[in-house]
Protein chains: 4
Amino acid sequence: MAEAGVAASERRRPAVAGGKRQQNTERIRRALFDAAARVVGELGYAEASIARITEAAGVAQGTFYNYFASRQDLLNQLLPALGEEMLAHIAAEVRGISGEVEREERRFAAFFGFLQQRPAFFRILNEAELFAPQGFRQHFENIAEGYLAALRHAHARGALPGFTEEELEPLVFLLMAMRSYTSMRYAYTEGGQARRPPDALWSAYAKLMRHGLAGTGPAPGKPQKR
Amino acid sequence: MAEAGVAASERRRPAVAGGKRQQNTERIRRALFDAAARVVGELGYAEASIARITEAAGVAQGTFYNYFASRQDLLNQLLPALGEEMLAHIAAEVRGISGEVEREERRFAAFFGFLQQRPAFFRILNEAELFAPQGFRQHFENIAEGYLAALRHAHARGALPGFTEEELEPLVFLLMAMRSYTSMRYAYTEGGQARRPPDALWSAYAKLMRHGLAGTGPAPGKPQKR
Amino acid sequence: MAEAGVAASERRRPAVAGGKRQQNTERIRRALFDAAARVVGELGYAEASIARITEAAGVAQGTFYNYFASRQDLLNQLLPALGEEMLAHIAAEVRGISGEVEREERRFAAFFGFLQQRPAFFRILNEAELFAPQGFRQHFENIAEGYLAALRHAHARGALPGFTEEELEPLVFLLMAMRSYTSMRYAYTEGGQARRPPDALWSAYAKLMRHGLAGTGPAPGKPQKR
Amino acid sequence: MAEAGVAASERRRPAVAGGKRQQNTERIRRALFDAAARVVGELGYAEASIARITEAAGVAQGTFYNYFASRQDLLNQLLPALGEEMLAHIAAEVRGISGEVEREERRFAAFFGFLQQRPAFFRILNEAELFAPQGFRQHFENIAEGYLAALRHAHARGALPGFTEEELEPLVFLLMAMRSYTSMRYAYTEGGQARRPPDALWSAYAKLMRHGLAGTGPAPGKPQKR
DNA sequence: AATGAATGAGCTTTCATTCAT
DNA sequence: AATGAATGAAAGCTCATTCAT
């Protein structure tokens, strides 16, 4: 909202070196946002009351409403913001890999890697559909769109020979499903620390991607670098 | 809602014979259970207050605590009970099919078929993880266990040649993931009526099961019988 | 609400002697109502918080919502209920008086008499228009309607010879105006006790009613009995 | 709303000359005052928050407290200031009329005329008693005093022959009552535009003033010039 | 065993005022 | 003198659970 029109740095007093006021508000906004991510990550959306969030951020309850229109407003922003981080993380991990199957395997593993370094994401992702549906939809579209574009690209290159154009969307959902749902199974946080999935998951996924349930052919093992 | 509870004429009197008493308490327990399923199916767990459930069951609020230890207690029982129904439904549909891939395709479709005839299940399944975690876990184990047993059986028969014993459990999770998650995407209830997924879902799933992302080979189409 | 349909005494269990439960709920409803009247009378609508009302009634805050749908709901009921009392009081005082001017003088004085014995009414009446507009409208219509009917009756008997039919409604408003507004001026409660207007008010009113601003003719003095 | 405040281009710089500073603070005080009148006129006292007033005036919230001790302080000044305007308006309309009854009729009509051209006054007048009691009292005394002086003058001239000296004050209140209260009934603003009372009001008032409830004698009709 | 009213902790949100900049 | 963000008390309302009847 605030950033529309005038550049933030020029909005008030000629600005000596960024403006202390300016910096401070940005710090508080971040503090609230991070506090919310932490609280939701630990306790879930349902327990993420304004009281808890502001306390975690170290500000008064009323301060919250200087930065967000409502509790729901902030809650809706949580997932899309973290989703962008995730996308960037995965994109970085996949860069340079050739072969669609290999890329997909790397994406799958990178997703779990991100969960490892951002444990709060796990719960936020899983609860958002119910507690922050608007934010969830936005995130979902972000991800699905990018995913679909990647598969279409691959399809155009002839990389997914058996599938028709129309089957790509369902395929995206199936792939997202395995990621997301499996994370609930395997990556349940334990004492704030995300659990790592077993090696068998990587190989099972790889085999499924390469040969379906038949699963025959060379088992490539878990992607190395991750 | 209220009409589906205990008939008003039978609500008050203590009942004549001893057996009748038994029956009566069973009837009330059932009424509460069904009312809860209906309410959660329609409005979700969050809106399933004791007030609403008891009203739908046609009993007083206090009566609730003669049958269930707490709201959470009943909520936890919801999914496992419906899950058994689902299991029976799928088992019936798969009976007599040979070929593990064909069986899995049938299971996948039968899951959606069950959703069609029990729309409340959809919401209960999707929200239980958050609102009735204990019930969810129980249900999950029920399903996963049966699923794993089936795959082990198939594996023993040599039906899943590419997979190792340890990979069967992850595989179960991956398969359940696609089912469950896709149902959220495709089977969103619309006005109480469950939407059917598009044909491309069935073929995409079939191809993935038969050949992985390569997807080459004969596309078998959607399972016939339903 | 509750009294609709089934007589209260017959609604539950055959009723031995009124039912302790029954009596109790009635007692609490009354306690809340009276507490609200007291609080509004003393502190005004704006200060009549649920906390204050329930504390004054000696019940928990949550109890309030077993009896009234909302704070506004109770607030809206306050004035009409007291208005009925007032109407009854005035009707009793006017009974048997003949002569329209004499009746009007008696009504005027009876209004102040009621204020004397129900000091809370004063503030409730004066603030309701802003804080309980719905209740105010209902009360206003109650009063204006009865007043208009009385004047029409008098007019039909030839008692208000100079006025046309259409002028009766404005006349009602002018008469109500003097009552109500003057009460604010003269009857300001002082330490919970309503102040009495000076004798000159009665004679000024009487003269105005009898001769207008000309005011000539016998000054009848303040109505005796009251 | 915002456009009526201080011109943006003049808001910042401290002003060059000394006299300019003076003017500037006067301009801001005025802007706040006018903004408050506008906001209260449109939304009522209860909605007239500092945030809204300062926004409408085009200054920061904190600035408010350089000009007024508190929100209540400004609110209390609103009615007396507008009351002076009203007094001037009525005085101008009555000038040159002879005959006390005719003067009173003209005052009555002039009051409604002022409401017509200053619609905000309507709400401010009606709500002030509750939300700005101090300001209301001051205004009331202003008006009543002037009114009483006028009647005393008339009385001294023998214009109100039937009334005693002591009855003049109550009479003033009765007359003010009809004005003020009737304005609430008839002049309710509709879409920002004040509604005009019906013709029957003028004649009913005139008759009451001339002959009391008897009302006999020539009906003079609504005052012409307004 | 059934009733249904009482409880009170907890929630989100508003806003006059303060004060560092 | 002007700014505008921070404050925190207070509001209305909900609901699982208890318990006297």
# chains A, B, ... in the order shown; residues from 1 in each chain; ligands from 1
call {"tool": "calpha_fit_and_write", "arguments": {"fixed": "chain A", "moving": "chain D", "output": "tab-separated table (two decimals) with C-alpha atoms, in the first residue's frame"}}
result
chain	number	residue	atom	x	y	z
D	1	MET	CA	10.84	-11.88	18.71
D	2	ALA	CA	10.64	-8.17	19.45
D	3	GLU	CA	14.27	-7.60	18.62
D	4	ALA	CA	13.71	-8.23	14.93
D	5	GLY	CA	11.33	-5.33	14.46
D	6	VAL	CA	12.08	-1.72	13.73
D	7	ALA	CA	14.95	-0.32	15.73
D	8	ALA	CA	13.50	1.55	18.67
D	9	SER	CA	15.54	4.68	18.02
D	10	GLU	CA	13.99	5.08	14.62
D	11	ARG	CA	10.45	4.40	15.52
D	12	ARG	CA	9.21	7.80	16.59
D	13	ARG	CA	10.47	10.87	14.76
D	14	PRO	CA	8.71	11.64	11.48
D	15	ALA	CA	12.00	11.53	9.50
D	16	VAL	CA	13.71	14.54	7.96
D	17	ALA	CA	13.69	14.26	4.18
D	18	GLY	CA	10.86	13.19	1.89
D	19	GLY	CA	12.57	10.05	0.60
D	20	LYS	CA	13.16	8.97	4.17
D	21	ARG	CA	9.45	8.88	4.86
D	22	GLN	CA	8.98	6.52	1.97
D	23	GLN	CA	11.75	4.30	3.24
D	24	ASN	CA	10.32	4.31	6.72
D	25	THR	CA	6.89	3.12	5.70
D	26	GLU	CA	8.53	0.45	3.58
D	27	ARG	CA	10.58	-0.64	6.54
D	28	ILE	CA	7.50	-0.97	8.74
D	29	ARG	CA	5.57	-2.90	6.14
D	30	ARG	CA	8.52	-5.26	5.84
D	31	ALA	CA	8.81	-5.57	9.62
D	32	LEU	CA	5.15	-6.51	9.89
D	33	PHE	CA	5.44	-8.97	7.06
D	34	ASP	CA	8.52	-10.65	8.45
D	35	ALA	CA	7.08	-10.71	11.92
D	36	ALA	CA	3.96	-12.40	10.61
D	37	ALA	CA	6.01	-15.01	8.76
D	38	ARG	CA	8.00	-15.70	11.90
D	39	VAL	CA	4.94	-15.92	14.12
D	40	VAL	CA	2.97	-18.13	11.75
D	41	GLY	CA	6.02	-20.31	11.17
D	42	GLU	CA	6.45	-20.82	14.87
D	43	LEU	CA	2.93	-20.83	16.22
D	44	GLY	CA	0.67	-21.32	13.23
D	45	TYR	CA	-1.97	-19.09	11.73
D	46	ALA	CA	-4.46	-19.63	14.53
D	47	GLU	CA	-2.08	-18.13	17.08
D	48	ALA	CA	-0.95	-15.31	14.82
D	49	SER	CA	-2.96	-12.56	16.46
D	50	ILE	CA	-2.54	-8.93	15.59
D	51	ALA	CA	-1.23	-8.42	19.08
D	52	ARG	CA	1.55	-10.95	18.58
D	53	ILE	CA	2.47	-9.79	15.11
D	54	THR	CA	2.67	-6.12	15.98
D	55	GLU	CA	4.60	-6.87	19.13
D	56	ALA	CA	7.08	-8.94	17.15
D	57	ALA	CA	7.35	-6.12	14.64
D	58	GLY	CA	7.82	-3.54	17.33
D	59	VAL	CA	4.88	-1.32	16.39
D	60	ALA	CA	1.54	-0.52	17.95
D	61	GLN	CA	-1.53	-2.56	17.14
D	62	GLY	CA	-3.26	0.30	15.41
D	63	THR	CA	-0.33	0.79	13.07
D	64	PHE	CA	-1.10	-2.53	11.48
D	65	TYR	CA	-4.15	-1.13	9.76
D	66	ASN	CA	-2.16	1.56	8.06
D	67	TYR	CA	-0.41	-1.15	6.08
D	68	PHE	CA	-2.86	-3.96	5.69
D	69	ALA	CA	-6.60	-3.88	5.27
D	70	SER	CA	-7.13	-6.65	7.76
D	71	ARG	CA	-5.44	-9.53	9.48
D	72	GLN	CA	-6.65	-11.80	6.71
D	73	ASP	CA	-5.16	-9.52	4.12
D	74	LEU	CA	-1.63	-9.92	5.47
D	75	LEU	CA	-2.13	-13.60	6.06
D	76	ASN	CA	-3.11	-14.06	2.46
D	77	GLN	CA	0.07	-12.39	1.23
D	78	LEU	CA	2.36	-14.62	3.24
D	79	LEU	CA	2.39	-17.79	1.19
D	80	PRO	CA	2.53	-16.27	-2.30
D	81	ALA	CA	5.57	-14.22	-1.29
D	82	LEU	CA	7.41	-17.19	0.16
D	83	GLY	CA	6.24	-19.29	-2.76
D	84	GLU	CA	8.15	-17.04	-5.13
D	85	GLU	CA	11.29	-17.60	-3.12
D	86	MET	CA	10.73	-21.31	-3.32
D	87	LEU	CA	10.20	-21.21	-7.05
D	88	ALA	CA	13.46	-19.33	-7.51
D	89	HIS	CA	15.27	-21.82	-5.31
D	90	ILE	CA	14.01	-24.81	-7.26
D	91	ALA	CA	14.64	-23.20	-10.60
D	92	ALA	CA	18.26	-22.58	-9.61
D	93	GLU	CA	18.70	-26.17	-8.52
D	94	VAL	CA	17.22	-27.64	-11.68
D	95	ARG	CA	19.12	-25.41	-14.07
D	96	GLY	CA	21.27	-27.35	-16.47
D	97	ILE	CA	19.85	-30.77	-15.70
D	98	SER	CA	18.73	-32.65	-18.76
D	99	GLY	CA	16.32	-35.57	-18.79
D	100	GLU	CA	12.82	-34.95	-17.54
D	101	VAL	CA	12.89	-37.69	-14.96
D	102	GLU	CA	16.15	-36.40	-13.58
D	103	ARG	CA	14.76	-32.88	-13.50
D	104	GLU	CA	11.69	-34.03	-11.60
D	105	GLU	CA	13.80	-35.90	-9.09
D	106	ARG	CA	15.86	-32.81	-8.59
D	107	ARG	CA	12.75	-30.66	-8.16
D	108	PHE	CA	11.43	-33.04	-5.56
D	109	ALA	CA	14.66	-32.93	-3.59
D	110	ALA	CA	15.01	-29.16	-4.02
D	111	PHE	CA	11.61	-28.68	-2.49
D	112	PHE	CA	12.78	-30.41	0.66
D	113	GLY	CA	16.03	-28.48	0.50
D	114	PHE	CA	14.10	-25.20	0.55
D	115	LEU	CA	12.10	-26.39	3.53
D	116	GLN	CA	15.36	-27.03	5.28
D	117	GLN	CA	16.60	-23.46	4.91
D	118	ARG	CA	13.21	-21.80	5.44
D	119	PRO	CA	11.52	-23.79	8.16
D	120	ALA	CA	8.73	-21.26	8.56
D	121	PHE	CA	7.63	-22.04	5.03
D	122	PHE	CA	6.63	-25.50	6.09
D	123	ARG	CA	3.91	-24.44	8.47
D	124	ILE	CA	2.76	-21.57	6.34
D	125	LEU	CA	2.35	-23.88	3.36
D	126	ASN	CA	0.51	-26.52	5.28
D	127	GLU	CA	-1.90	-24.25	7.10
D	128	ALA	CA	-2.53	-21.68	4.41
D	129	GLU	CA	-5.17	-23.74	2.66
D	130	LEU	CA	-7.33	-23.50	5.76
D	131	PHE	CA	-6.42	-20.14	7.18
D	132	ALA	CA	-5.54	-18.12	4.12
D	133	PRO	CA	-7.43	-19.82	1.33
D	134	GLN	CA	-7.13	-16.91	-1.02
D	135	GLY	CA	-3.39	-16.75	-0.58
D	136	PHE	CA	-3.19	-20.49	-0.94
D	137	ARG	CA	-5.09	-20.47	-4.21
D	138	GLN	CA	-2.84	-17.80	-5.60
D	139	HIS	CA	0.25	-19.71	-4.56
D	140	PHE	CA	-1.14	-22.94	-5.91
D	141	GLU	CA	-1.84	-21.38	-9.25
D	142	ASN	CA	1.60	-19.83	-9.39
D	143	ILE	CA	3.23	-23.16	-8.80
D	144	ALA	CA	0.91	-25.28	-10.88
D	145	GLU	CA	1.19	-22.93	-13.81
D	146	GLY	CA	4.97	-22.98	-13.82
D	147	TYR	CA	4.98	-26.70	-13.33
D	148	LEU	CA	2.53	-27.25	-16.13
D	149	ALA	CA	4.53	-25.00	-18.45
D	150	ALA	CA	7.64	-27.03	-17.71
D	151	LEU	CA	5.88	-30.32	-18.40
D	152	ARG	CA	4.33	-28.97	-21.57
D	153	HIS	CA	7.73	-27.92	-22.71
D	154	ALA	CA	9.08	-31.36	-21.97
D	155	HIS	CA	6.10	-32.96	-23.63
D	156	ALA	CA	6.65	-30.89	-26.74
D	157	ARG	CA	10.19	-32.16	-26.82
D	158	GLY	CA	8.82	-35.69	-26.66
D	159	ALA	CA	10.08	-36.20	-23.14
D	160	LEU	CA	6.84	-37.66	-21.71
D	161	PRO	CA	5.92	-39.94	-24.55
D	162	GLY	CA	3.15	-41.90	-22.89
D	163	PHE	CA	1.03	-38.94	-21.82
D	164	THR	CA	-1.52	-36.95	-23.72
D	165	GLU	CA	-1.76	-33.18	-23.55
D	166	GLU	CA	-4.80	-33.36	-21.25
D	167	GLU	CA	-3.11	-35.65	-18.82
D	168	LEU	CA	-0.41	-33.14	-18.06
D	169	GLU	CA	-2.52	-31.09	-15.70
D	170	PRO	CA	-3.61	-34.05	-13.59
D	171	LEU	CA	-0.01	-35.17	-13.65
D	172	VAL	CA	1.12	-31.86	-12.25
D	173	PHE	CA	-1.32	-32.26	-9.41
D	174	LEU	CA	-0.15	-35.77	-8.70
D	175	LEU	CA	3.44	-34.62	-8.56
D	176	MET	CA	2.65	-31.65	-6.35
D	177	ALA	CA	0.67	-33.93	-4.14
D	178	MET	CA	3.60	-36.18	-3.41
D	179	ARG	CA	5.82	-33.28	-2.61
D	180	SER	CA	3.51	-31.42	-0.41
D	181	TYR	CA	1.86	-34.23	1.42
D	182	THR	CA	5.07	-36.12	1.96
D	183	SER	CA	6.61	-33.03	3.45
D	184	MET	CA	3.98	-33.13	6.15
D	185	ARG	CA	4.75	-36.72	6.86
D	186	TYR	CA	8.50	-36.56	6.80
D	187	ALA	CA	9.64	-33.06	7.32
D	188	TYR	CA	7.80	-32.26	10.52
D	189	THR	CA	9.80	-29.59	12.20
D	190	GLU	CA	11.28	-30.68	15.46
D	191	GLY	CA	12.30	-27.87	17.76
D	192	GLY	CA	12.37	-25.34	14.96
D	193	GLN	CA	14.69	-27.56	12.91
D	194	ALA	CA	13.22	-29.36	9.93
D	195	ARG	CA	13.67	-33.13	9.91
D	196	ARG	CA	15.14	-34.74	6.81
D	197	PRO	CA	13.26	-37.51	5.08
D	198	PRO	CA	14.86	-40.99	4.98
D	199	ASP	CA	16.90	-42.17	2.00
D	200	ALA	CA	14.26	-44.71	1.08
D	201	LEU	CA	11.99	-41.81	0.12
D	202	TRP	CA	14.33	-40.64	-2.63
D	203	SER	CA	14.79	-44.05	-4.14
D	204	ALA	CA	11.09	-44.91	-3.88
D	205	TYR	CA	10.24	-41.68	-5.62
D	206	ALA	CA	12.86	-42.22	-8.29
D	207	LYS	CA	11.63	-45.73	-9.01
D	208	LEU	CA	8.04	-44.62	-9.18
D	209	MET	CA	9.02	-41.88	-11.61
D	210	ARG	CA	11.05	-44.24	-13.78
D	211	HIS	CA	9.04	-47.39	-13.89
D	212	GLY	CA	5.81	-46.91	-11.96
D	213	LEU	CA	4.78	-49.53	-9.49
D	214	ALA	CA	6.69	-52.14	-11.43
D	215	GLY	CA	9.74	-50.27	-10.29
D	216	THR	CA	12.19	-52.40	-12.24
D	217	GLY	CA	15.37	-50.94	-13.59
D	218	PRO	CA	18.43	-49.27	-12.05
D	219	ALA	CA	17.85	-47.50	-8.77
D	220	PRO	CA	19.62	-44.18	-9.19
D	221	GLY	CA	19.91	-43.29	-5.50
D	222	LYS	CA	19.36	-39.89	-4.00
D	223	PRO	CA	20.29	-36.89	-6.18
D	224	GLN	CA	23.88	-35.96	-5.35
D	225	LYS	CA	24.33	-32.23	-5.28
D	226	ARG	CA	21.05	-31.32	-3.63
call {"tool": "interface_residues", "arguments": {"of": "chain E", "to": "chain C", "cutoff": "10 Å", "atoms": "only C-alpha atoms (C1' of nucleotides)", "output": "compact mmCIF listing (two decimals) with N, CA, C and O atoms (P, O5', C5', C4', C3', O3' and C1' of nucleotides), in the first residue's frame"}}
result
# COMPACT_ATOMS: atom_id res chain seq x y z
P DT E 3 -32.40 -34.35 26.77
O5' DT E 3 -32.33 -33.16 27.79
C5' DT E 3 -33.50 -32.79 28.52
C4' DT E 3 -33.15 -31.68 29.47
C3' DT E 3 -32.62 -30.42 28.79
O3' DT E 3 -33.65 -29.47 28.78
C1' DT E 3 -31.48 -30.95 30.82
P DG E 4 -33.85 -28.58 27.49
O5' DG E 4 -33.07 -27.30 27.98
C5' DG E 4 -33.41 -26.72 29.23
C4' DG E 4 -32.29 -25.80 29.66
C3' DG E 4 -31.66 -24.98 28.53
O3' DG E 4 -31.22 -23.74 29.06
C1' DG E 4 -30.01 -26.19 29.55
P DA E 5 -31.97 -22.46 28.79
O5' DA E 5 -31.45 -21.56 29.99
C5' DA E 5 -31.80 -21.93 31.32
C4' DA E 5 -30.66 -21.63 32.27
C3' DA E 5 -29.95 -20.31 32.01
O3' DA E 5 -29.65 -19.76 33.28
C1' DA E 5 -28.39 -22.06 31.86
P DA E 6 -28.72 -18.50 33.41
O5' DA E 6 -27.34 -19.15 33.83
C5' DA E 6 -27.23 -19.76 35.11
C4' DA E 6 -25.78 -19.77 35.55
C3' DA E 6 -25.03 -18.46 35.36
O3' DA E 6 -24.18 -18.27 36.49
C1' DA E 6 -24.03 -20.13 34.00
P DT E 7 -23.20 -17.05 36.53
O5' DT E 7 -21.86 -17.65 35.92
C5' DT E 7 -21.28 -18.79 36.53
C4' DT E 7 -20.09 -19.26 35.73
C3' DT E 7 -19.08 -18.15 35.43
O3' DT E 7 -17.92 -18.39 36.21
C1' DT E 7 -19.47 -19.55 33.55
P DG E 8 -17.12 -17.22 36.88
O5' DG E 8 -15.95 -17.04 35.81
C5' DG E 8 -15.14 -18.14 35.48
C4' DG E 8 -14.38 -17.83 34.20
C3' DG E 8 -13.84 -16.39 34.11
O3' DG E 8 -12.62 -16.44 33.37
C1' DG E 8 -15.21 -16.80 32.29
call {"tool": "select_by_dssp", "arguments": {"residues": "segment 40-180 of chain C", "states": "helix (DSSP H, G or I)", "output": "PyMOL selection string"}}
result
chain C and resi 40-43+45-47+50-57+61-67+71-94+100-117+119-131+133-156+168-180
call {"tool": "interface_residues", "arguments": {"of": "chain F", "to": "chain C", "cutoff": "9 Å", "atoms": "only C-alpha atoms (C1' of nucleotides)", "output": "ChimeraX atom specification"}}
result
/F:11-14,21
call {"tool": "write_last_selection", "arguments": {"atoms": "C-alpha atoms (C1' of nucleotides)", "output": "short mmCIF file (atom, residue, chain, number, x, y, z; two decimals), in the first residue's frame"}}
result
data_model
loop_
_atom_site.label_atom_id
_atom_site.label_comp_id
_atom_site.auth_asym_id
_atom_site.auth_seq_id
_atom_site.Cartn_x
_atom_site.Cartn_y
_atom_site.Cartn_z
"C1'" DA F 11 -14.91 -2.90 24.05
"C1'" DG F 12 -18.56 -6.80 22.34
"C1'" DC F 13 -18.95 -11.40 21.71
"C1'" DT F 14 -18.18 -16.91 21.52
"C1'" DT F 21 -32.28 -29.44 38.82
#
